[in-house]
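Undergrad: Below is the file query14.csv, with CSV, C-alpha atoms and all ligand atoms.
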```csv
chain,number,residue,atom,x,y,z
J,1,MET,CA,138.3,26.5,-15.8
J,2,VAL,CA,140.7,24.1,-17.5
J,3,ALA,CA,141.1,23.3,-21.1
J,4,THR,CA,139.2,20.2,-21.9
J,5,ALA,CA,141.0,17.2,-23.3
J,6,PHE,CA,140.2,16.7,-26.9
J,7,LEU,CA,141.8,15.9,-30.2
J,8,HIS,CA,141.4,18.7,-32.6
J,9,PRO,CA,141.1,17.5,-36.2
J,10,VAL,CA,143.0,20.3,-37.8
J,11,GLY,CA,146.4,21.1,-36.5
J,12,ILE,CA,149.0,21.4,-33.7
J,13,ILE,CA,147.5,23.8,-31.2
J,14,GLN,CA,149.3,26.0,-28.7
J,15,LEU,CA,147.9,26.9,-25.4
J,16,HIS,CA,147.5,30.6,-24.9
J,17,GLY,CA,145.5,32.8,-22.6
J,18,SER,CA,145.0,33.8,-19.0
J,19,GLY,CA,146.3,31.7,-16.2
J,20,SER,CA,148.2,29.4,-18.3
J,21,ASP,CA,151.7,30.6,-18.8
J,22,ALA,CA,152.8,28.2,-21.5
J,23,GLY,CA,156.1,28.1,-19.8
J,24,SER,CA,155.5,26.7,-16.4
J,25,ALA,CA,151.9,26.5,-15.2
J,26,SER,CA,151.1,22.9,-14.5
J,27,LYS,CA,147.4,23.8,-14.4
J,28,CYS,CA,146.3,25.7,-17.3
J,29,GLY,CA,143.4,28.2,-17.1
J,30,HIS,CA,140.8,28.6,-19.8
J,31,SER,CA,142.7,28.9,-23.0
J,32,SER,CA,142.2,29.9,-26.5
J,33,PHE,CA,143.9,27.9,-29.2
J,34,ARG,CA,146.0,28.9,-32.2
J,35,PHE,CA,146.6,26.6,-35.1
J,36,ILE,CA,150.2,26.1,-36.0
J,37,SER,CA,150.0,23.7,-38.8
J,38,LYS,CA,147.7,21.1,-40.3
J,39,ASN,CA,147.5,17.4,-40.0
J,40,PHE,CA,148.3,17.0,-36.4
J,41,ALA,CA,146.7,17.6,-33.0
J,42,VAL,CA,147.8,17.6,-29.4
J,43,ASP,CA,146.1,15.8,-26.6
J,44,VAL,CA,145.7,18.5,-24.0
J,45,GLY,CA,144.4,15.9,-21.5
J,46,LEU,CA,147.8,15.7,-19.8
J,47,LEU,CA,147.7,19.5,-19.1
J,48,ASN,CA,144.3,19.2,-17.5
J,49,LYS,CA,145.4,16.6,-15.0
J,50,GLY,CA,148.3,18.9,-14.0
J,51,GLN,CA,150.6,16.0,-14.9
J,52,CYS,CA,152.9,18.3,-16.7
J,53,SER,CA,153.4,21.9,-17.6
J,54,TYR,CA,152.9,22.9,-21.2
J,55,ARG,CA,156.5,22.9,-22.0
J,56,GLN,CA,157.1,19.5,-20.6
J,57,CYS,CA,153.9,18.2,-21.9
J,58,GLN,CA,154.7,15.5,-24.4
J,59,LEU,CA,152.9,16.6,-27.5
J,60,HIS,CA,150.9,13.5,-28.2
J,61,VAL,CA,150.8,14.3,-31.8
J,62,VAL,CA,147.9,12.5,-33.2
J,63,HIS,CA,147.4,12.2,-36.9
J,64,ALA,CA,144.5,14.4,-38.0
J,65,LEU,CA,141.1,12.7,-37.8
J,66,SER,CA,139.3,11.5,-40.8
J,67,SER,CA,138.4,13.8,-43.6
J,68,GLN,CA,134.8,13.9,-42.2
J,69,ALA,CA,136.0,15.7,-39.2
J,70,ARG,CA,138.1,18.1,-41.3
J,71,ALA,CA,135.2,18.6,-43.6
J,72,THR,CA,132.8,19.5,-40.8
J,73,ASP,CA,135.4,21.8,-39.1
J,74,PRO,CA,134.6,25.4,-40.2
J,75,ILE,CA,138.2,26.5,-39.8
J,76,SER,CA,139.7,23.7,-41.8
J,77,SER,CA,136.8,23.3,-44.2
J,78,THR,CA,138.4,23.2,-47.6
J,79,SER,CA,135.1,23.7,-49.4
J,80,HIS,CA,136.7,26.1,-51.8
J,81,VAL,CA,139.1,23.4,-52.9
J,82,GLU,CA,138.5,21.7,-56.2
J,83,SER,CA,140.7,18.8,-57.2
J,84,ALA,CA,140.8,16.4,-60.2
J,85,LEU,CA,140.8,12.7,-59.6
J,86,ILE,CA,141.8,10.4,-62.4
J,87,LEU,CA,141.1,6.6,-62.0
J,88,ILE,CA,142.6,4.3,-64.6
J,89,ARG,CA,142.5,0.5,-64.8
J,90,HIS,CA,145.7,-0.9,-66.1
J,91,GLY,CA,146.1,-1.6,-69.8
J,92,GLU,CA,145.5,-5.1,-71.2
J,93,SER,CA,147.8,-7.6,-69.4
J,94,LEU,CA,149.3,-10.9,-70.8
J,95,TRP,CA,146.8,-12.9,-68.8
J,96,ASN,CA,143.9,-10.7,-69.9
J,97,GLU,CA,145.0,-11.6,-73.4
J,98,LYS,CA,144.9,-15.3,-72.5
J,99,ASN,CA,141.6,-14.8,-70.6
J,100,LEU,CA,143.0,-16.1,-67.4
J,101,PHE,CA,141.9,-15.1,-63.9
J,102,THR,CA,144.8,-12.8,-62.7
J,103,GLY,CA,144.0,-11.4,-59.3
J,104,CYS,CA,147.2,-10.7,-57.4
J,105,VAL,CA,149.5,-12.6,-59.8
J,106,ASP,CA,152.0,-10.0,-61.0
J,107,VAL,CA,151.9,-10.1,-64.8
J,108,PRO,CA,153.0,-7.3,-67.2
J,109,LEU,CA,151.1,-5.5,-70.0
J,110,THR,CA,150.8,-6.8,-73.6
J,111,LYS,CA,151.9,-4.5,-76.5
J,112,ARG,CA,148.2,-3.6,-76.8
J,113,GLY,CA,148.1,-2.8,-73.1
J,114,VAL,CA,151.1,-0.5,-73.6
J,115,ASP,CA,149.4,1.2,-76.5
J,116,GLU,CA,146.2,1.6,-74.3
J,117,ALA,CA,148.3,3.2,-71.5
J,118,ILE,CA,149.8,5.7,-74.0
J,119,GLU,CA,146.4,6.5,-75.5
J,120,ALA,CA,145.1,7.1,-72.0
J,121,GLY,CA,148.0,9.4,-71.4
J,122,LYS,CA,147.0,11.5,-74.4
J,123,ARG,CA,143.4,11.8,-73.1
J,124,ILE,CA,144.5,13.2,-69.8
J,125,SER,CA,147.5,15.2,-71.0
J,126,ASN,CA,145.9,18.5,-70.2
J,127,ILE,CA,144.6,17.5,-66.7
J,128,PRO,CA,146.7,18.4,-63.7
J,129,VAL,CA,148.4,15.5,-61.8
J,130,ASP,CA,150.3,16.3,-58.5
J,131,MET,CA,150.5,12.8,-57.1
J,132,ILE,CA,150.1,9.2,-58.4
J,133,TYR,CA,149.0,6.2,-56.5
J,134,THR,CA,149.3,2.7,-58.0
J,135,SER,CA,148.9,-0.8,-56.7
J,136,SER,CA,152.1,-2.8,-56.0
J,137,LEU,CA,151.5,-4.8,-59.3
J,138,ILE,CA,153.6,-4.0,-62.4
J,139,ARG,CA,150.7,-3.8,-64.8
J,140,ALA,CA,149.3,-0.8,-62.9
J,141,GLN,CA,152.7,0.8,-62.4
J,142,MET,CA,153.5,0.4,-66.1
J,143,THR,CA,150.2,2.0,-67.0
J,144,ALA,CA,150.8,5.1,-64.9
J,145,MET,CA,154.3,5.6,-66.1
J,146,LEU,CA,153.4,5.1,-69.8
J,147,ALA,CA,150.4,7.4,-69.5
J,148,MET,CA,152.6,10.2,-68.0
J,149,THR,CA,154.9,10.1,-70.9
J,150,GLN,CA,152.1,11.9,-72.8
J,151,HIS,CA,151.5,14.6,-70.2
J,152,ARG,CA,152.1,18.1,-71.5
J,153,ARG,CA,153.4,19.3,-68.1
J,154,LYS,CA,156.4,17.0,-68.5
J,155,LYS,CA,156.9,16.4,-64.8
J,156,VAL,CA,158.8,13.2,-64.0
J,157,PRO,CA,156.9,10.5,-62.0
J,158,ILE,CA,159.2,9.0,-59.4
J,159,ILE,CA,158.3,5.9,-57.5
J,160,MET,CA,158.8,6.6,-53.8
J,161,HIS,CA,160.6,3.8,-52.0
J,162,ASP,CA,159.9,3.7,-48.2
J,163,GLU,CA,160.1,0.0,-47.6
J,164,ASN,CA,162.9,0.6,-45.2
J,165,SER,CA,165.0,3.6,-44.0
J,166,GLN,CA,167.9,2.8,-46.4
J,167,ALA,CA,165.6,2.8,-49.4
J,168,LYS,CA,164.2,6.1,-48.3
J,169,THR,CA,167.7,7.6,-47.7
J,170,TRP,CA,169.2,6.3,-50.9
J,171,GLY,CA,166.3,7.6,-53.0
J,172,GLN,CA,166.6,11.2,-51.8
J,173,ILE,CA,166.6,14.1,-54.2
J,174,TYR,CA,169.0,16.9,-53.3
J,175,SER,CA,167.6,19.6,-55.6
J,176,GLY,CA,164.5,21.6,-54.8
J,177,ASP,CA,164.0,22.6,-58.4
J,178,THR,CA,164.3,19.0,-59.6
J,179,GLU,CA,161.9,17.9,-56.9
J,180,LYS,CA,159.4,20.5,-58.0
J,181,GLN,CA,159.6,19.0,-61.5
J,182,SER,CA,158.7,15.5,-60.2
J,183,ILE,CA,155.5,13.7,-59.3
J,184,PRO,CA,155.6,11.3,-56.3
J,185,VAL,CA,154.3,7.8,-57.2
J,186,ILE,CA,153.1,5.9,-54.1
J,187,THR,CA,152.6,2.2,-54.5
J,188,ALA,CA,150.2,0.4,-52.2
J,189,TRP,CA,149.3,-3.3,-52.0
J,190,GLN,CA,145.8,-2.1,-50.7
J,191,LEU,CA,145.1,-1.0,-54.3
J,192,ASN,CA,146.0,-4.5,-55.7
J,193,GLU,CA,143.4,-6.4,-57.7
J,194,ARG,CA,141.1,-8.5,-55.6
J,195,MET,CA,142.8,-11.8,-54.8
J,196,TYR,CA,141.0,-14.4,-56.9
J,197,GLY,CA,142.0,-17.4,-54.8
J,198,GLU,CA,141.9,-20.8,-56.5
J,199,LEU,CA,140.7,-19.2,-59.8
J,200,GLN,CA,144.1,-17.4,-60.3
J,201,GLY,CA,145.7,-18.9,-63.5
J,202,LEU,CA,142.5,-20.7,-64.6
J,203,ASN,CA,140.9,-19.9,-67.9
J,204,LYS,CA,137.7,-17.9,-67.4
J,205,LEU,CA,135.8,-19.8,-70.1
J,206,GLU,CA,136.8,-23.2,-68.9
J,207,THR,CA,136.0,-22.1,-65.3
J,208,ALA,CA,132.5,-21.1,-66.4
J,209,GLU,CA,132.0,-24.5,-68.1
J,210,LYS,CA,133.3,-26.3,-65.0
J,211,TYR,CA,131.3,-24.3,-62.3
J,212,GLY,CA,128.5,-22.8,-64.5
J,213,LYS,CA,128.2,-19.3,-66.0
J,214,GLU,CA,126.0,-18.0,-63.2
J,215,GLN,CA,128.3,-19.1,-60.5
J,216,VAL,CA,131.4,-17.5,-62.2
J,217,HIS,CA,129.4,-14.3,-62.9
J,218,GLU,CA,128.5,-14.3,-59.2
J,219,TRP,CA,132.2,-14.6,-58.2
J,220,ARG,CA,133.3,-12.0,-60.7
J,221,ARG,CA,130.7,-9.3,-60.2
J,222,SER,CA,128.7,-9.7,-57.0
J,223,TYR,CA,129.6,-7.7,-53.9
J,224,ASP,CA,129.7,-10.4,-51.2
J,225,SER,CA,130.4,-13.8,-52.8
J,226,PRO,CA,134.1,-14.6,-52.8
J,227,PRO,CA,135.7,-17.1,-55.2
J,228,PRO,CA,137.1,-20.3,-53.5
J,229,ASN,CA,139.7,-19.0,-50.9
J,230,GLY,CA,139.7,-15.6,-52.6
J,231,GLU,CA,138.4,-12.1,-51.9
J,232,SER,CA,134.8,-10.9,-52.5
J,233,LEU,CA,134.5,-7.4,-53.8
J,234,GLU,CA,133.4,-6.4,-50.2
J,235,MET,CA,136.7,-7.8,-48.8
J,236,CYS,CA,138.7,-6.0,-51.5
J,237,SER,CA,136.7,-2.8,-50.7
J,238,GLN,CA,137.6,-3.1,-47.0
J,239,ARG,CA,141.3,-2.5,-47.9
J,240,ALA,CA,141.0,-0.5,-51.1
J,241,VAL,CA,138.4,2.0,-50.0
J,242,ALA,CA,140.0,2.3,-46.5
J,243,TYR,CA,143.3,3.2,-48.1
J,244,PHE,CA,141.6,5.7,-50.4
J,245,LYS,CA,139.8,7.4,-47.5
J,246,GLU,CA,142.9,7.5,-45.3
J,247,HIS,CA,145.6,8.4,-47.8
J,248,ILE,CA,144.2,9.7,-51.1
J,249,GLU,CA,141.1,11.7,-50.1
J,250,PRO,CA,143.0,14.0,-47.7
J,251,GLN,CA,145.3,14.8,-50.6
J,252,LEU,CA,142.3,15.8,-52.8
J,253,GLN,CA,141.0,17.7,-49.8
J,254,SER,CA,144.2,19.7,-49.6
J,255,GLY,CA,143.9,20.6,-53.3
J,256,LYS,CA,146.2,18.0,-54.8
J,257,HIS,CA,145.3,16.5,-58.2
J,258,VAL,CA,145.6,12.8,-58.0
J,259,MET,CA,145.8,9.8,-60.5
J,260,VAL,CA,145.1,6.3,-59.2
J,261,ALA,CA,146.3,3.5,-61.5
J,262,ALA,CA,144.8,0.2,-60.3
J,263,HIS,CA,142.6,-2.8,-61.3
J,264,GLY,CA,139.2,-3.7,-62.4
J,265,ASN,CA,137.9,-4.7,-59.0
J,266,SER,CA,139.9,-2.5,-56.6
J,267,LEU,CA,138.6,0.4,-58.7
J,268,ARG,CA,135.1,-0.9,-58.8
J,269,SER,CA,135.1,-0.9,-55.0
J,270,ILE,CA,136.4,2.7,-55.0
J,271,ILE,CA,133.8,3.9,-57.6
J,272,MET,CA,131.1,2.2,-55.5
J,273,TYR,CA,132.2,4.5,-52.6
J,274,LEU,CA,132.6,7.6,-54.8
J,275,GLU,CA,129.2,7.2,-56.4
J,276,ARG,CA,127.4,5.7,-53.5
J,277,LEU,CA,126.5,2.6,-55.5
J,278,THR,CA,124.5,-0.1,-53.9
J,279,SER,CA,125.7,-3.7,-53.9
J,280,GLN,CA,123.1,-4.4,-56.6
J,281,GLU,CA,124.2,-1.4,-58.8
J,282,VAL,CA,127.9,-2.3,-58.6
J,283,ILE,CA,127.2,-5.7,-60.2
J,284,SER,CA,126.7,-4.0,-63.6
J,285,LEU,CA,129.8,-1.8,-63.2
J,286,GLU,CA,132.4,-2.8,-65.7
J,287,LEU,CA,135.8,-1.0,-66.3
J,288,SER,CA,137.6,-1.3,-69.6
J,289,THR,CA,141.4,-1.7,-69.6
J,290,GLY,CA,143.3,1.6,-70.0
J,291,VAL,CA,140.4,4.0,-70.1
J,292,PRO,CA,140.8,6.9,-67.7
J,293,LEU,CA,137.8,8.2,-65.7
J,294,LEU,CA,137.8,11.8,-64.5
J,295,TYR,CA,136.1,12.9,-61.2
J,296,ILE,CA,136.0,16.4,-59.8
J,297,TYR,CA,136.3,16.6,-56.0
J,298,LYS,CA,134.6,19.6,-54.4
J,299,ASP,CA,132.8,20.4,-51.2
J,300,GLY,CA,133.6,16.9,-50.0
J,301,LYS,CA,131.8,15.3,-52.9
J,302,PHE,CA,132.9,13.5,-56.1
J,303,VAL,CA,131.3,14.4,-59.4
J,304,ARG,CA,132.1,12.0,-62.3
J,305,ARG,CA,133.0,13.7,-65.5
J,306,GLY,CA,133.2,10.6,-67.7
J,307,SER,CA,136.3,9.8,-69.7
J,308,PRO,CA,138.0,12.5,-71.7
J,309,VAL,CA,137.7,11.3,-75.3
J,310,ARG,CA,140.7,13.1,-76.6
J,311,PRO,CA,143.1,15.8,-75.4
J,312,SER,CA,141.5,18.3,-77.7
J,313,GLU,CA,138.0,17.6,-76.4
J,314,ALA,CA,136.9,21.1,-75.2
J,315,GLY,CA,134.2,19.6,-73.0
J,316,VAL,CA,136.5,18.2,-70.4
J,317,TYR,CA,138.1,21.6,-69.8
J,318,ALA,CA,134.8,23.4,-69.8
J,319,TYR,CA,133.7,21.3,-66.9
J,320,THR,CA,135.5,23.5,-64.5
J,321,LYS,CA,137.2,26.9,-64.7
J,322,ASN,CA,140.3,25.5,-63.0
J,323,LEU,CA,140.8,22.8,-65.6
J,324,ALA,CA,140.3,25.3,-68.4
J,325,LEU,CA,142.9,27.7,-66.8
J,326,TYR,CA,145.4,24.9,-66.4
J,327,ARG,CA,145.0,24.0,-70.0
J,328,GLN,CA,145.4,27.6,-71.1
J,329,LYS,CA,148.7,27.8,-69.1
J,330,LEU,CA,149.9,24.7,-70.8
J,331,ASP,CA,148.9,26.2,-74.2
J,332,LYS,CA,150.8,29.4,-73.3
J,333,LYS,CA,153.8,27.4,-72.0
J,334,LEU,CA,153.5,29.2,-68.7
J,335,TYR,CA,154.9,26.2,-66.8
B,1,LIG,O1,142.0,-10.3,-62.2
B,1,LIG,C1,141.6,-10.5,-63.3
B,1,LIG,O2,141.4,-11.6,-63.8
B,1,LIG,C2,141.2,-9.3,-64.1
B,1,LIG,O3,142.1,-8.3,-63.9
B,1,LIG,C3,139.8,-8.8,-63.7
B,1,LIG,O4,139.1,-9.9,-63.6
B,1,LIG,P1,137.5,-9.8,-63.7
B,1,LIG,O5,137.2,-9.1,-65.0
B,1,LIG,O6,137.1,-11.3,-63.8
B,1,LIG,O7,137.1,-9.1,-62.5
```
Starting from the file, give its structure as structure tokens.
Ligand SMILES: O=C(O)[C@H](O)COP(=O)(O)O

TA:
Amino acid sequence: MVATAFLHPVGIIQLHGSGSDAGSASKCGHSSFRFISKNFAVDVGLLNKGQCSYRQCQLHVVHALSSQARATDPISSTSHVESALILIRHGESLWNEKNLFTGCVDVPLTKRGVDEAIEAGKRISNIPVDMIYTSSLIRAQMTAMLAMTQHRRKKVPIIMHDENSQAKTWGQIYSGDTEKQSIPVITAWQLNERMYGELQGLNKLETAEKYGKEQVHEWRRSYDSPPPNGESLEMCSQRAVAYFKEHIEPQLQSGKHVMVAAHGNSLRSIIMYLERLTSQEVISLELSTGVPLLYIYKDGKFVRRGSPVRPSEAGVYAYTKNLALYRQKLDKKLY
């Protein structure tokens, strides 16, 4: 009986068992599998066809399947894992202040937006953050960095540069201790604000007068009506939610606490996914600038815990034992 070809969603597996000497047999007998590490799998198909012995077999390392597979797999199920997810829309930008459609135009924060980011940081200063994801736009990156100046854990957020191999090499940290005291910040264009097409740079009020209030509201808040040569929320969701599922959700599933600093619409699309909102319900979803939202990820589900009102708000930390313990350790300076 030969091992069947399949991709296991959990980890690199090693063939063991009768009839298949991992060293030479080109035909492997029935085998049991041992997990060596997570996030990869090997295609045992080559072994079955006798095309190579185990040792020669090219380990077709396949990135682990989606979190769904991991969630259903009893061995890898991380149902005991509980992670915090903080979503934050950037603070007020210079074009928010001028009431201009911004979309993917890369404008910075206003002074008020800076203050909003700092206030947001105070609100989440006792909630654990292991990784930060931002869009590739400066207003989201400024918001994340400013917010983290208020965090009590005092870890240093460091923007990871992997645009090319030199950037990766030149940005390396050569101290394990220093690395432990830092938080990787991953920037992703997929988290950018929806591209507002020919509305970018136009005044929102003038645009409503020109095209009519209903039409502009449709473009701004509906799910599937794009502005002229721009993205609909649905199109934005196809990149933002896809990125969240592929890159961010697995981190939460492994127990990492994550902050995502992004934009009104890219976050609306992600919240639509987290809270299973319909395309009708999402129309009324509005996000204020610089107000952090807290979700608890557990058993493959996201539970929204609102927005911490202030760092001293007991309620936030009573939500889960882990958040309360983390806060206690901060209070006792155990970090
Ligand atoms: O892109 C913009 O103009 C704002 O960031 C969000 O715009 P909206 O509130 O019209 O969606």

Undergrad: Nearest to ligand LIG 1 (chain B): which of J:Pro227, J:Gly197, J:Pro292, J:Gly103 is it, counting only C-alpha atoms and all ligand atoms?

TA: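 Among the listed residues, J:Gly103 lies closest to ligand LIG 1 (chain B).
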
Undergrad: Go through J:Lys245, J:Lys332, J:Lys213, J:His263 and flag the residue nearest Leu233 of chain J, using all atoms listed in the file for the distances.

TA: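 Answer, going by the shortest atom-to-atom distance: J:His263.
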
Undergrad: State, in Å with one decimal place, the distance from atom O3 of ligand LIG 1 (chain B) to atom CA of Leu274 of chain J.

TA: 20.6 Å

Undergrad: At a cut-off of 9 Å around the point (145.5, -6.1, -67.5) (file coordinates), what residues fall inside when counting only C-alpha atoms? I'd like the answer as a PDB file with C-alpha atoms, in the coordinates of the input.

TA:
```pdb
ATOM      1  CA  ARG J  89     142.500   0.500 -64.800  1.00  0.00           C
ATOM      2  CA  HIS J  90     145.700  -0.900 -66.100  1.00  0.00           C
ATOM      3  CA  GLY J  91     146.100  -1.600 -69.800  1.00  0.00           C
ATOM      4  CA  GLU J  92     145.500  -5.100 -71.200  1.00  0.00           C
ATOM      5  CA  SER J  93     147.800  -7.600 -69.400  1.00  0.00           C
ATOM      6  CA  LEU J  94     149.300 -10.900 -70.800  1.00  0.00           C
ATOM      7  CA  TRP J  95     146.800 -12.900 -68.800  1.00  0.00           C
ATOM      8  CA  ASN J  96     143.900 -10.700 -69.900  1.00  0.00           C
ATOM      9  CA  GLU J  97     145.000 -11.600 -73.400  1.00  0.00           C
ATOM     10  CA  THR J 102     144.800 -12.800 -62.700  1.00  0.00           C
ATOM     11  CA  VAL J 107     151.900 -10.100 -64.800  1.00  0.00           C
ATOM     12  CA  PRO J 108     153.000  -7.300 -67.200  1.00  0.00           C
ATOM     13  CA  LEU J 109     151.100  -5.500 -70.000  1.00  0.00           C
ATOM     14  CA  THR J 110     150.800  -6.800 -73.600  1.00  0.00           C
ATOM     15  CA  GLY J 113     148.100  -2.800 -73.100  1.00  0.00           C
ATOM     16  CA  ARG J 139     150.700  -3.800 -64.800  1.00  0.00           C
ATOM     17  CA  ALA J 140     149.300  -0.800 -62.900  1.00  0.00           C
ATOM     18  CA  HIS J 263     142.600  -2.800 -61.300  1.00  0.00           C
ATOM     19  CA  GLY J 264     139.200  -3.700 -62.400  1.00  0.00           C
ATOM     20  CA  THR J 289     141.400  -1.700 -69.600  1.00  0.00           C
ATOM     21  CA  GLY J 290     143.300   1.600 -70.000  1.00  0.00           C
TER      22      GLY J 290
END
```

Undergrad: Using all atoms listed in the file, which of the listed residues (J:Ala120, J:Val129, J:Val260, J:Val309) sits closest to Leu191 of chain J?

TA: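 Among the listed residues, the smallest separation from Leu191 of chain J belongs to J:Val260.
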
Undergrad: Would you mind telling me which residue in J:Glu119, J:Glu193, J:Glu246, J:Asp162 lies nearest to ligand LIG 1 (chain B) when using all atoms listed in the file?

TA: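 Looking at the shortest contact to ligand LIG 1 (chain B), the residue is J:Glu193.
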
Undergrad: Which residue is closest to ligand LIG 1 (chain B)? Choose from J:Ile138, J:Ala84, J:Leu287, J:Leu146 and count only C-alpha atoms and all ligand atoms.

TA: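 Answer, going by the shortest atom-to-atom distance: J:Leu287.
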
Undergrad: Quick one: of J:Ser175, J:Ser136, J:Gln181, J:Glu249, who's nearest to Glu163 of chain J, counting only C-alpha atoms?

TA: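 Ranking J:Ser175, J:Ser136, J:Gln181, J:Glu249 by distance to Glu163 of chain J, first place goes to J:Ser136.
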
Undergrad: Taking (126.8, -12.6, -60.7) in the file's coordinates as the center, which residues reach within 12 Å of it, counting all atoms listed in the file, put as a ChimeraX atom specification?

TA: /J:208,212-227,232-233,279-285

Undergrad: Within 10 Å of Lys333 of chain J, counting only C-alpha atoms, which residues show up once you throw out same-chain ones fewer than 5 positions away? Write them as a ChimeraX atom specification, please.

TA: /J:152-153,327-328

Undergrad: Can you tell me how far atom CA of Gly176 of chain J sits from atom CA of Val156 of chain J, in Å to one decimal?

TA: 13.7 Å

Undergrad: Please identify all polymer residues within 7 Å of Tyr133 of chain J, counting all atoms listed in the file, omitting same-chain residues fewer than 4 positions from it, and present them as a PyMOL selection string.

TA: chain J and resi 185-187+259-261

Undergrad: Could you work out how far atom CA of Gly121 of chain J lies from atom CA of Met148 of chain J, giving the answer in Å with one decimal?

TA: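 Atom CA of Gly121 of chain J lies at a distance of 5.8 Å from atom CA of Met148 of chain J.
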